[in-house]
Structures are given as structure tokens and as C-alpha cells.
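Visitor: mmCIF, C-alpha atoms, file protein22.cif:
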data_structure
loop_
_atom_site.label_atom_id
_atom_site.label_comp_id
_atom_site.auth_asym_id
_atom_site.auth_seq_id
_atom_site.Cartn_x
_atom_site.Cartn_y
_atom_site.Cartn_z
CA MET A 414 70.17 -67.53 67.70
CA ARG A 415 68.44 -67.27 64.30
CA ARG A 416 66.70 -70.53 63.42
CA ARG A 417 67.50 -72.10 60.08
CA SER A 418 64.48 -72.30 57.77
CA LEU A 419 63.05 -75.77 57.29
CA LEU A 420 62.68 -75.00 53.58
CA LEU A 421 66.37 -74.90 52.83
CA ALA A 422 67.81 -78.10 51.46
CA ALA A 423 71.43 -76.92 51.41
CA VAL A 424 73.59 -73.92 50.79
CA PRO A 425 73.51 -73.79 46.98
CA ALA A 426 76.44 -75.34 45.16
CA GLY A 427 78.54 -73.05 43.02
CA LEU A 428 78.40 -70.02 45.30
CA VAL A 429 81.73 -68.31 45.50
CA THR A 430 83.68 -68.40 48.72
CA LEU A 431 87.17 -67.09 49.43
CA ALA A 432 88.43 -70.04 51.43
CA GLY A 433 90.74 -71.22 48.69
CA CYS A 434 90.72 -68.44 46.16
CA GLY A 435 93.37 -68.33 43.51
CA ASP A 436 93.43 -67.18 39.91
CA ASN A 437 89.76 -66.35 39.18
CA SER A 438 88.71 -69.68 40.71
CA SER A 439 85.87 -70.52 43.04
CA SER A 440 84.91 -73.14 45.55
CA SER A 441 81.57 -74.32 46.86
CA SER A 442 80.17 -74.04 50.36
CA LYS A 443 78.01 -76.84 51.73
CA ALA A 444 75.83 -77.05 54.81
CA SER A 445 73.91 -79.91 56.32
CA ALA A 446 70.85 -80.72 54.24
CA SER A 447 67.24 -80.75 55.34
CA PRO A 448 64.96 -83.30 53.63
CA SER A 449 63.93 -82.34 50.11
CA ALA A 450 62.36 -83.94 47.08
CA SER A 451 64.66 -86.10 45.00
CA ALA A 452 66.41 -84.46 42.08
CA SER A 453 64.93 -87.23 39.88
CA VAL A 454 61.32 -86.14 40.55
CA PRO A 455 59.70 -84.86 37.33
CA PRO A 456 58.29 -81.31 37.09
CA PRO A 457 54.74 -81.03 38.45
CA LYS A 458 51.56 -80.14 36.65
CA ILE A 459 50.53 -76.76 38.02
CA VAL A 460 46.81 -76.28 38.74
CA ASP A 461 44.66 -73.48 40.21
CA GLY A 462 43.39 -75.37 43.25
CA PRO A 463 41.91 -76.37 45.52
CA LEU A 464 43.48 -73.96 48.00
CA PRO A 465 42.37 -72.90 51.49
CA ALA A 466 41.39 -69.29 52.17
CA ILE A 467 43.56 -66.65 53.79
CA THR A 468 41.26 -65.50 56.60
CA ALA A 469 43.36 -62.75 58.21
CA GLY A 470 46.52 -60.81 57.44
CA THR A 471 45.45 -60.40 53.84
CA LYS A 472 47.76 -57.50 52.90
CA PHE A 473 51.13 -57.99 51.24
CA ASP A 474 53.88 -58.81 53.76
CA GLU A 475 51.36 -59.03 56.60
CA LYS A 476 51.50 -62.24 58.65
CA PRO A 477 48.61 -64.35 57.34
CA THR A 478 46.19 -66.76 58.94
CA VAL A 479 45.14 -69.60 56.64
CA ALA A 480 42.14 -71.91 56.98
CA LYS A 481 42.42 -75.67 57.15
CA GLY A 482 42.25 -77.44 53.81
CA SER A 483 38.79 -78.65 52.81
CA GLY A 484 38.49 -82.18 51.49
CA ASP A 485 41.35 -83.86 49.68
CA PRO A 486 44.15 -81.73 48.24
CA SER A 487 45.21 -82.00 44.62
CA LYS A 488 47.89 -84.50 43.68
CA ASN A 489 49.32 -81.72 41.49
CA LEU A 490 51.01 -78.49 42.56
CA ALA A 491 48.29 -75.89 43.23
CA VAL A 492 49.43 -72.29 42.81
CA LYS A 493 47.52 -69.00 42.94
CA THR A 494 48.77 -65.41 42.80
CA VAL A 495 46.68 -63.73 45.51
CA ILE A 496 48.30 -60.30 45.09
CA ALA A 497 50.00 -59.52 41.77
CA GLY A 498 53.24 -57.57 42.14
CA GLY A 499 54.66 -55.11 39.65
CA GLY A 500 58.34 -55.97 39.99
CA LYS A 501 60.63 -58.12 37.88
CA ALA A 502 59.73 -61.73 37.24
CA VAL A 503 61.61 -64.40 39.18
CA ALA A 504 63.46 -67.06 37.19
CA GLU A 505 64.86 -70.41 38.22
CA ASN A 506 68.30 -70.04 39.85
CA ASP A 507 67.50 -66.48 40.96
CA PHE A 508 67.77 -65.65 44.63
CA ILE A 509 64.63 -64.34 46.27
CA GLN A 510 64.04 -62.57 49.54
CA ALA A 511 60.64 -63.48 50.93
CA ASN A 512 58.46 -63.78 53.98
CA TYR A 513 56.42 -66.96 54.21
CA LEU A 514 54.17 -69.12 56.33
CA GLY A 515 53.86 -72.89 55.96
CA GLN A 516 51.21 -75.17 57.46
CA ILE A 517 49.83 -78.68 57.02
CA TRP A 518 46.74 -79.01 54.81
CA SER A 519 44.82 -81.45 56.99
CA THR A 520 45.37 -79.77 60.37
CA ALA A 521 46.26 -76.12 59.63
CA LYS A 522 49.20 -76.59 62.00
CA VAL A 523 51.83 -73.93 61.24
CA PHE A 524 55.23 -75.62 61.07
CA ASP A 525 57.37 -72.66 59.99
CA GLN A 526 57.09 -68.93 59.25
CA SER A 527 59.42 -65.95 58.88
CA TYR A 528 57.15 -62.99 59.65
CA ASP A 529 58.23 -62.93 63.30
CA ARG A 530 61.91 -63.30 62.36
CA THR A 531 63.64 -61.94 59.27
CA PRO A 532 62.85 -62.58 55.60
CA LEU A 533 64.32 -65.72 54.10
CA LEU A 534 67.01 -65.36 51.43
CA MET A 535 67.35 -68.41 49.22
CA GLN A 536 68.02 -69.59 45.68
CA LEU A 537 65.32 -71.17 43.53
CA ALA A 538 67.58 -73.98 42.42
CA ALA A 539 67.51 -77.77 42.47
CA GLY A 540 68.86 -79.04 45.78
CA SER A 541 68.61 -75.63 47.43
CA ILE A 542 64.90 -75.36 48.20
CA ILE A 543 61.92 -77.72 48.11
CA ASP A 544 60.78 -78.32 44.55
CA GLY A 545 57.28 -76.95 45.19
CA TRP A 546 58.78 -73.51 45.69
CA ARG A 547 61.20 -73.91 42.83
CA TYR A 548 58.40 -74.60 40.33
CA GLY A 549 55.60 -72.64 41.98
CA LEU A 550 57.41 -69.31 42.26
CA ALA A 551 59.18 -69.28 38.89
CA GLY A 552 57.72 -66.49 36.75
CA LYS A 553 56.07 -64.71 39.68
CA LYS A 554 56.85 -61.01 40.08
CA VAL A 555 58.46 -59.19 42.99
CA GLY A 556 55.72 -57.68 45.12
CA SER A 557 53.45 -60.71 44.67
CA ARG A 558 51.75 -62.83 47.32
CA VAL A 559 51.56 -66.46 46.22
CA LEU A 560 49.46 -69.22 47.80
CA MET A 561 50.54 -72.82 47.16
CA ALA A 562 49.54 -76.35 48.11
CA VAL A 563 52.56 -78.64 47.76
CA PRO A 564 52.05 -82.44 47.65
CA PRO A 565 54.73 -84.65 49.25
CA THR A 566 56.32 -85.39 45.86
CA TRP A 567 57.48 -81.76 45.56
CA GLY A 568 57.84 -81.17 49.29
CA TYR A 569 59.67 -83.51 51.65
CA GLY A 570 58.89 -86.76 49.88
CA SER A 571 57.76 -89.95 51.57
CA ALA A 572 60.18 -89.40 54.46
CA GLY A 573 58.46 -86.19 55.58
CA ASN A 574 60.26 -83.94 58.03
CA SER A 575 60.12 -85.14 61.62
CA GLN A 576 61.71 -81.94 62.88
CA ALA A 577 58.66 -80.01 61.70
CA GLY A 578 56.07 -82.70 62.44
CA ILE A 579 55.48 -83.30 58.72
CA LYS A 580 54.48 -86.82 57.68
CA GLY A 581 55.38 -88.32 54.32
CA THR A 582 51.72 -88.09 53.27
CA ASP A 583 51.19 -84.43 54.19
CA THR A 584 50.36 -81.77 51.61
CA LEU A 585 51.81 -78.42 52.69
CA VAL A 586 50.20 -75.01 52.29
CA PHE A 587 52.39 -71.94 51.87
CA VAL A 588 51.80 -68.21 51.67
CA VAL A 589 54.85 -66.47 50.16
CA ASP A 590 55.39 -62.71 49.89
CA ILE A 591 58.17 -62.05 47.36
CA LEU A 592 60.06 -59.00 48.59
CA ASN A 593 62.97 -58.90 46.16
CA SER A 594 64.97 -60.98 43.71
CA PHE A 595 68.61 -61.09 42.63
CA ASN A 596 70.65 -62.72 39.90
CA SER A 597 74.11 -62.54 38.41
CA LYS A 598 73.28 -59.22 36.70
CA SER A 599 72.29 -57.49 39.95
CA SER A 600 74.22 -54.45 41.17
CA SER A 601 74.14 -51.95 43.98
CA THR A 602 71.29 -49.44 43.90
CA GLY A 603 72.93 -46.82 46.11
CA LYS A 604 73.72 -43.13 45.58
CA GLU A 605 77.19 -42.15 44.39
CA VAL A 606 79.64 -40.99 47.07
CA ALA A 607 82.63 -38.81 46.20
CA GLN A 608 85.96 -40.67 46.00
CA SER A 609 88.33 -37.81 46.74
CA ASP A 610 91.31 -39.52 48.39
CA ALA A 611 93.97 -39.85 45.68
CA ALA A 612 95.91 -42.31 47.86
CA LEU A 613 93.09 -44.89 47.61
CA PRO A 614 91.81 -46.97 44.70
CA LYS A 615 88.93 -45.50 42.70
CA ILE A 616 86.01 -47.82 41.97
CA GLY A 617 83.68 -47.64 38.98
CA THR A 618 80.06 -46.65 39.59
CA ASN A 619 78.31 -48.60 36.81
CA THR A 620 75.16 -50.46 37.88
CA ASP A 621 74.68 -52.75 34.88
CA GLY A 622 75.85 -55.93 36.56
CA LYS A 623 79.25 -55.76 34.91
CA ALA A 624 82.45 -55.62 36.95
CA PRO A 625 83.30 -52.12 38.19
CA SER A 626 86.76 -50.84 37.33
CA ILE A 627 89.39 -50.75 40.09
CA ASP A 628 92.01 -48.03 39.57
CA ILE A 629 94.81 -48.64 42.08
CA PRO A 630 97.21 -45.70 42.57
CA LYS A 631 100.94 -46.14 42.10
CA ALA A 632 101.65 -45.63 45.77
CA ASP A 633 102.21 -47.62 48.93
CA PRO A 634 99.06 -49.27 50.28
CA PRO A 635 97.51 -48.12 53.57
CA LYS A 636 98.58 -49.96 56.70
CA GLN A 637 95.09 -49.92 58.19
CA LEU A 638 91.80 -51.37 56.98
CA VAL A 639 89.84 -49.10 54.63
CA ALA A 640 86.09 -49.56 54.10
CA ASN A 641 84.39 -46.71 52.22
CA TYR A 642 81.12 -46.25 50.41
CA VAL A 643 81.25 -45.93 46.63
CA LEU A 644 77.47 -46.15 46.21
CA GLU A 645 75.59 -45.76 49.51
CA GLY A 646 72.41 -47.81 49.81
CA ASP A 647 69.44 -47.15 52.06
CA GLY A 648 69.01 -50.62 53.55
CA PRO A 649 69.75 -51.72 57.11
CA ALA A 650 73.34 -52.03 58.28
CA VAL A 651 74.87 -55.50 57.99
CA GLN A 652 75.24 -57.18 61.39
CA SER A 653 78.06 -59.52 62.38
CA ALA A 654 75.62 -62.44 62.88
CA GLN A 655 74.15 -62.17 59.39
CA THR A 656 74.70 -63.85 56.04
CA VAL A 657 75.17 -61.60 53.01
CA LEU A 658 74.50 -61.99 49.30
CA CYS A 659 76.84 -59.95 47.15
CA GLN A 660 78.78 -59.33 43.97
CA PHE A 661 82.49 -58.75 44.41
CA LYS A 662 85.84 -58.45 42.70
CA GLY A 663 89.24 -58.71 44.35
CA GLU A 664 92.59 -57.45 43.09
CA VAL A 665 96.11 -57.45 44.50
CA TRP A 666 97.32 -53.90 45.25
CA GLU A 667 100.93 -54.58 44.32
CA SER A 668 100.26 -56.17 40.90
CA GLY A 669 96.78 -55.01 39.97
CA LYS A 670 95.88 -58.59 39.10
CA ALA A 671 92.39 -59.93 39.80
CA PHE A 672 92.27 -63.08 41.92
CA GLU A 673 88.54 -63.71 42.14
CA GLN A 674 85.20 -62.19 41.19
CA THR A 675 81.52 -62.95 40.73
CA TYR A 676 80.72 -60.27 38.16
CA GLU A 677 80.04 -61.73 34.70
CA THR A 678 80.51 -65.33 35.94
CA GLY A 679 76.84 -66.25 36.36
CA ARG A 680 77.24 -66.59 40.14
CA LEU A 681 76.68 -64.57 43.27
CA ALA A 682 78.56 -64.89 46.56
CA GLN A 683 76.70 -65.87 49.72
CA PHE A 684 78.54 -66.20 53.02
CA SER A 685 78.11 -65.54 56.70
CA ILE A 686 80.13 -62.73 58.24
CA ALA A 687 81.27 -65.18 60.92
CA GLN A 688 82.63 -67.60 58.30
CA MET A 689 84.37 -64.80 56.41
CA GLN A 690 85.94 -63.63 59.66
CA GLU A 691 87.79 -66.96 59.72
CA VAL A 692 89.01 -66.55 56.13
CA LEU A 693 89.53 -62.83 55.48
CA LYS A 694 89.08 -60.74 58.60
CA GLY A 695 89.44 -57.48 56.72
CA LEU A 696 86.63 -58.25 54.29
CA ALA A 697 84.30 -59.36 57.09
CA GLN A 698 85.07 -56.25 59.12
CA GLY A 699 84.75 -54.00 56.09
CA ILE A 700 81.27 -55.26 55.20
CA THR A 701 79.96 -55.25 58.79
CA GLY A 702 78.07 -52.04 59.52
CA LYS A 703 77.64 -51.06 55.88
CA LYS A 704 74.14 -50.60 54.47
CA VAL A 705 72.45 -53.18 52.27
CA GLY A 706 72.21 -51.90 48.70
CA SER A 707 75.67 -50.32 48.84
CA ARG A 708 78.84 -50.71 46.82
CA ILE A 709 81.92 -50.41 48.99
CA LEU A 710 85.68 -50.27 48.61
CA VAL A 711 87.56 -52.49 51.04
CA VAL A 712 91.36 -52.38 51.27
CA THR A 713 92.66 -55.20 53.44
CA PRO A 714 96.23 -55.04 54.76
CA PRO A 715 98.15 -58.34 54.95
CA ASP A 716 97.53 -58.89 58.66
CA LEU A 717 93.76 -58.86 57.99
CA ALA A 718 94.07 -60.87 54.76
CA TYR A 719 96.29 -63.90 54.07
CA GLY A 720 99.48 -62.55 55.64
CA ASN A 721 102.32 -64.99 54.95
CA ASN A 722 99.95 -67.87 54.09
CA PRO A 723 98.29 -67.05 50.76
CA PRO A 724 96.46 -69.65 48.67
CA SER A 725 98.95 -71.67 46.67
CA GLY A 726 99.35 -71.21 42.95
CA GLY A 727 97.54 -67.90 42.68
CA VAL A 728 98.38 -64.23 42.21
CA VAL A 729 98.07 -63.43 45.93
CA LYS A 730 101.58 -63.49 47.40
CA LYS A 731 103.00 -63.30 50.90
CA GLY A 732 102.33 -59.88 52.37
CA SER A 733 99.83 -58.86 49.67
CA THR A 734 97.37 -56.05 50.29
CA LEU A 735 93.99 -56.89 48.79
CA VAL A 736 91.51 -54.49 47.18
CA PHE A 737 87.81 -55.36 46.93
CA THR A 738 84.78 -53.80 45.38
CA VAL A 739 81.66 -55.32 46.93
CA ASP A 740 77.99 -54.83 46.05
CA ILE A 741 75.94 -55.78 49.14
CA LEU A 742 72.71 -57.02 47.62
CA ALA A 743 70.94 -58.51 50.64
CA ALA A 744 71.47 -59.75 54.19
CA MET A 745 69.63 -62.12 56.49
#
Could you take the file, read its structure, and then write that structure out as C-alpha cells?
Guide:
Amino acid sequence: MRRRSLLLAAVPAGLVTLAGCGDNSSSSSKASASPSASASVPPPKIVDGPLPAITAGTKFDEKPTVAKGSGDPSKNLAVKTVIAGGGKAVAENDFIQANYLGQIWSTAKVFDQSYDRTPLLMQLAAGSIIDGWRYGLAGKKVGSRVLMAVPPTWGYGSAGNSQAGIKGTDTLVFVVDILNSFNSKSSSTGKEVAQSDAALPKIGTNTDGKAPSIDIPKADPPKQLVANYVLEGDGPAVQSAQTVLCQFKGEVWESGKAFEQTYETGRLAQFSIAQMQEVLKGLAQGITGKKVGSRILVVTPPDLAYGNNPPSGGVVKKGSTLVFTVDILAAM
């Protein structure tokens, strides 16, 4: 089973789920919280050091070895860009995909790392990640390696983190390789695939972060699940045990009315395939096996959607067939 990162404070509030979707509404998903700095803690002063040396694994996205801290660490947040990337700059509230290693300053004991697992996907937002990351990585570019020393104030506070063996007085050292970043303007980066079946909806192929058009034919909907590429990405296929980050829009086949979307709302959707399987089986099944970086069309018949139990007060009715366009931005 994939281990939850110790860095994550909670699943970020405001992410769209489909558990109770109605008329362009959204609900939040919460998970149990790991210790994090208080929201009332003021922003840190960012300094250049001191910082311990990276003694091995010095290339970008190579698992590093970091020396023990020498002397007393700074009471401020120490941040250094070890390798400068050439990608887009990361802003607060963006999602980043990164590999990282964390250890304790005074002992060099590694308490968490992702290089032997899969890259972490998280939002640089208050309450979602420790504040040292939130402030230390803002403005850094994709492709960068960042070295940080995080005092308790912007780490786990005076309580520490007993699960990781972190005391409330420990300064933490992190190496972070920023692999990618995403925000509400992100779109699929895949190659266009012909949409030649006139009996199926046609999806727009714009990649400007705006909602793609959904042109539903004036015909009876298919009885079986449809999941086709519109833009085919070159990333790995989504697995059923993963969590995905995506943009999406959903419309009702019979009326053409939209019932929920992330495009142009300032949000992205993040959900596990297993959780979505409990809410909308057709959407979970349609995304599973598709490549990261793709835009897909998913047509979900009633028996794999809400059937005779749609959300109350919305445009989805009993027996509705649902049409989705989904941009699969990342998976972990």
C-alpha cells in the first residue's frame, strides 16, 4: 500500500468532488490531518543559510544524500536553489509534483522521502502542506532542485511529529526536485485524436485552460460506457489505486445542461479512483487506463452514474446519461 507523505496536512479544501454535485456546485473533500504549523504563524524571513551539503546524488531527480547540519541552524527559513530549472515559476495555491527527501538537522536521520516510491502531488496552500514548503518553494521554477532548512515554527510546530520521530525543537532539512506544476489554467498537453463517430459527442481541443466545448448529437445515448481519447498524452496509464489531478466538465446528454466543472472556476479536481468508484463508477472506469496528459471523452450510462438516485435539486435527473470531458493532469 502506498504510504501517505508526512508532509501533507490535509486534502486541500475547495477541491471539487462529485459526491453531491448539482447545478455547477462543488463540495470539499477532507482527510485526516498530519501535524502542521498553525495558520496564525506569520510568514518567515527567508535567508541563504546555513545549509548542509548534498554529498551524493547531486543530479536533478537523483536520490540525494545530505550531510548532518553543522552548528546551530538558523531561526529563519533557509532556502537555496541548488539547480535552477527553466520551467514555469510556482505560485502559492499551485499544485506541484515533486520528489523530495527530508531529514533532521542535528542527526541527519532521514524521516521521509519519495525517490523510492512515486513523486508527491500536493498543493502549496495553507493547511495543505507544511508552511516551510509553502513559503520556500513559491517562485521557484519547474526543473529546480531546492535545498531548505525549516525551523519548527514553519514545520511541525512545538508538537513535532511522533510518527516520524520529529521533536518539537527539530529543524528539518529538505531536498526538493520540482518536476511539474499545475493551476486552474492547466490543460491537457496531448496530441489530437480524430473524433469520427457521429453518434458520440464531439469535444473541443483547445488547450488554453478554458472549458472545451461539448457538442452532443441529437440521438439516443449509448447503452455502454464510452471512454475515448480526444487529446492523447504520453504519460503513464492511470492505475486503479492512484489519485488523479484533473480539469473536467460534465453535461447531461438529454438536456445538454452542465452540472459541474472546474474549468474557469479557479479550482482543480483531485480524487482517488477508488473514491470515485463509489460515487460515479463510469467516470472512475473511464479514467483508469488512460494516459496522464490526455483529454478524454467519457459517456456514462445511468447504471454507471446516478441511476434512479441523482443529487437533489440539480439538472441530473433519474436515468440521465452523463457526458464528461476530462483533462488528466497528473496521477500519484
Visitor: Contacts of Asn641 in chain A at 12 Å or less, counting all atoms listed in the file, minus same-chain residues fewer than 2 places along, as a PyMOL selection string?
Guide: chain A and resi 605-610+613-616+638-639+643-645+696+698-704+707-713+736-739
Visitor: Give me the residues of range 460-550 of chain A that have any atom at most 12 Å from an atom of range 652-669 of chain A; for each, the nearest atom pair and the distance in Å, rounded to one decimal. Use all atoms listed in the file, sort by chain and number, and format it as JSON lines.
Guide:
{"residue": "A:Asp507", "atom": "CA", "partner": "A:Leu658", "partner_atom": "CA", "distance": 11.8}
{"residue": "A:Phe508", "atom": "CA", "partner": "A:Leu658", "partner_atom": "CA", "distance": 9.0}
{"residue": "A:Ile509", "atom": "CA", "partner": "A:Leu658", "partner_atom": "CA", "distance": 10.6}
{"residue": "A:Gln510", "atom": "CA", "partner": "A:Leu658", "partner_atom": "CA", "distance": 10.5}
{"residue": "A:Thr531", "atom": "CA", "partner": "A:Gln655", "partner_atom": "CA", "distance": 10.5}
{"residue": "A:Pro532", "atom": "CA", "partner": "A:Gln655", "partner_atom": "CA", "distance": 11.9}
{"residue": "A:Leu533", "atom": "CA", "partner": "A:Thr656", "partner_atom": "CA", "distance": 10.7}
{"residue": "A:Leu534", "atom": "CA", "partner": "A:Leu658", "partner_atom": "CA", "distance": 8.5}
{"residue": "A:Met535", "atom": "CA", "partner": "A:Leu658", "partner_atom": "CA", "distance": 9.6}
{"residue": "A:Gln536", "atom": "CA", "partner": "A:Leu658", "partner_atom": "CA", "distance": 10.6}
Visitor: Skip Val460 in chain A itself and residues of its chain fewer than 6 positions away, then list as a VMD selection string all residues within 8 Å of it, counting only C-alpha atoms.
Guide: chain A and resid 489 to 492
Visitor: What is the distance, in Å and to one decimal place, between CA of Ser594 in chain A and CA of Val555 in chain A?
Guide: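 Pair CA of Ser594 in chain A / CA of Val555 in chain A returns 6.8 Å.
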Visitor: As a check of understanding, name the residues that the PyMOL selection byres ((chain A and resi 559-576) around 8) selects in the supplied structure, as JSON, numbers by chain.
Guide: {"A": [448, 449, 450, 451, 454, 457, 462, 464, 486, 487, 488, 489, 490, 491, 492, 493, 494, 495, 496, 518, 543, 544, 545, 549, 550, 557, 558, 577, 578, 579, 580, 581, 582, 583, 584, 585, 586, 587, 588, 589, 590]}
Visitor: For the PyMOL selection byres ((chain A and resi 554) around 6), applied here, can you spell out every residue it catches as a list in words?
Guide: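 After applying the PyMOL selection byres ((chain A and resi 554) around 6), what remains is Gly498, Gly500, Lys501, Ala502, Val503, Lys553, Val555 and Ser557 of chain A.
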Visitor: Give me, please, the distance in Å between CA of Glu475 in chain A and CA of Gly515 in chain A, quoted to one decimal.
Guide: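 Result for CA of Glu475 in chain A versus CA of Gly515 in chain A: 14.1 Å, one decimal.
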Visitor: Using only C-alpha atoms, which residues sit within 6 Å of Gly706 in chain A once same-chain residues fewer than 5 positions away are excluded, as an mmCIF file with C-alpha atoms, in the frame of the given file?
Guide:
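The file below, around_4.cif, is the result:
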data_model
loop_
_atom_site.group_PDB
_atom_site.id
_atom_site.type_symbol
_atom_site.label_atom_id
_atom_site.label_comp_id
_atom_site.auth_asym_id
_atom_site.auth_seq_id
_atom_site.Cartn_x
_atom_site.Cartn_y
_atom_site.Cartn_z
ATOM 1 C CA SER A 601 74.140 -51.950 43.980
ATOM 2 C CA THR A 602 71.290 -49.440 43.900
ATOM 3 C CA GLY A 603 72.930 -46.820 46.110
ATOM 4 C CA GLY A 646 72.410 -47.810 49.810
ATOM 5 C CA GLY A 648 69.010 -50.620 53.550
ATOM 6 C CA ILE A 741 75.940 -55.780 49.140
ATOM 7 C CA LEU A 742 72.710 -57.020 47.620
#
Visitor: Considering only C-alpha atoms, state which residue in the set A:Ala744, A:Ala521, A:Ile627, A:Ala539 is at the smallest distance from Ala480 in chain A.
Guide: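 Smallest distance to Ala480 in chain A is found for A:Ala521.
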Visitor: Record the distance separating CA of Gln674 in chain A and CA of Ala687 in chain A, expressed in Å with one decimal.
Guide: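 CA of Ala687 in chain A lies at a distance of 20.3 Å from CA of Gln674 in chain A.
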Visitor: Considering all atoms listed in the file, can you say which of A:Leu735, A:Asn619, A:Ala497, A:Ala469 comes closest to Phe672 in chain A?
Guide: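 So, comparing all the options, the nearest one is A:Leu735.
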Visitor: Taking all atoms listed in the file into account, which of A:Ala682, A:Thr520, A:Pro649, A:Lys670 comes nearest Gly484 in chain A?
Guide: A:Thr520
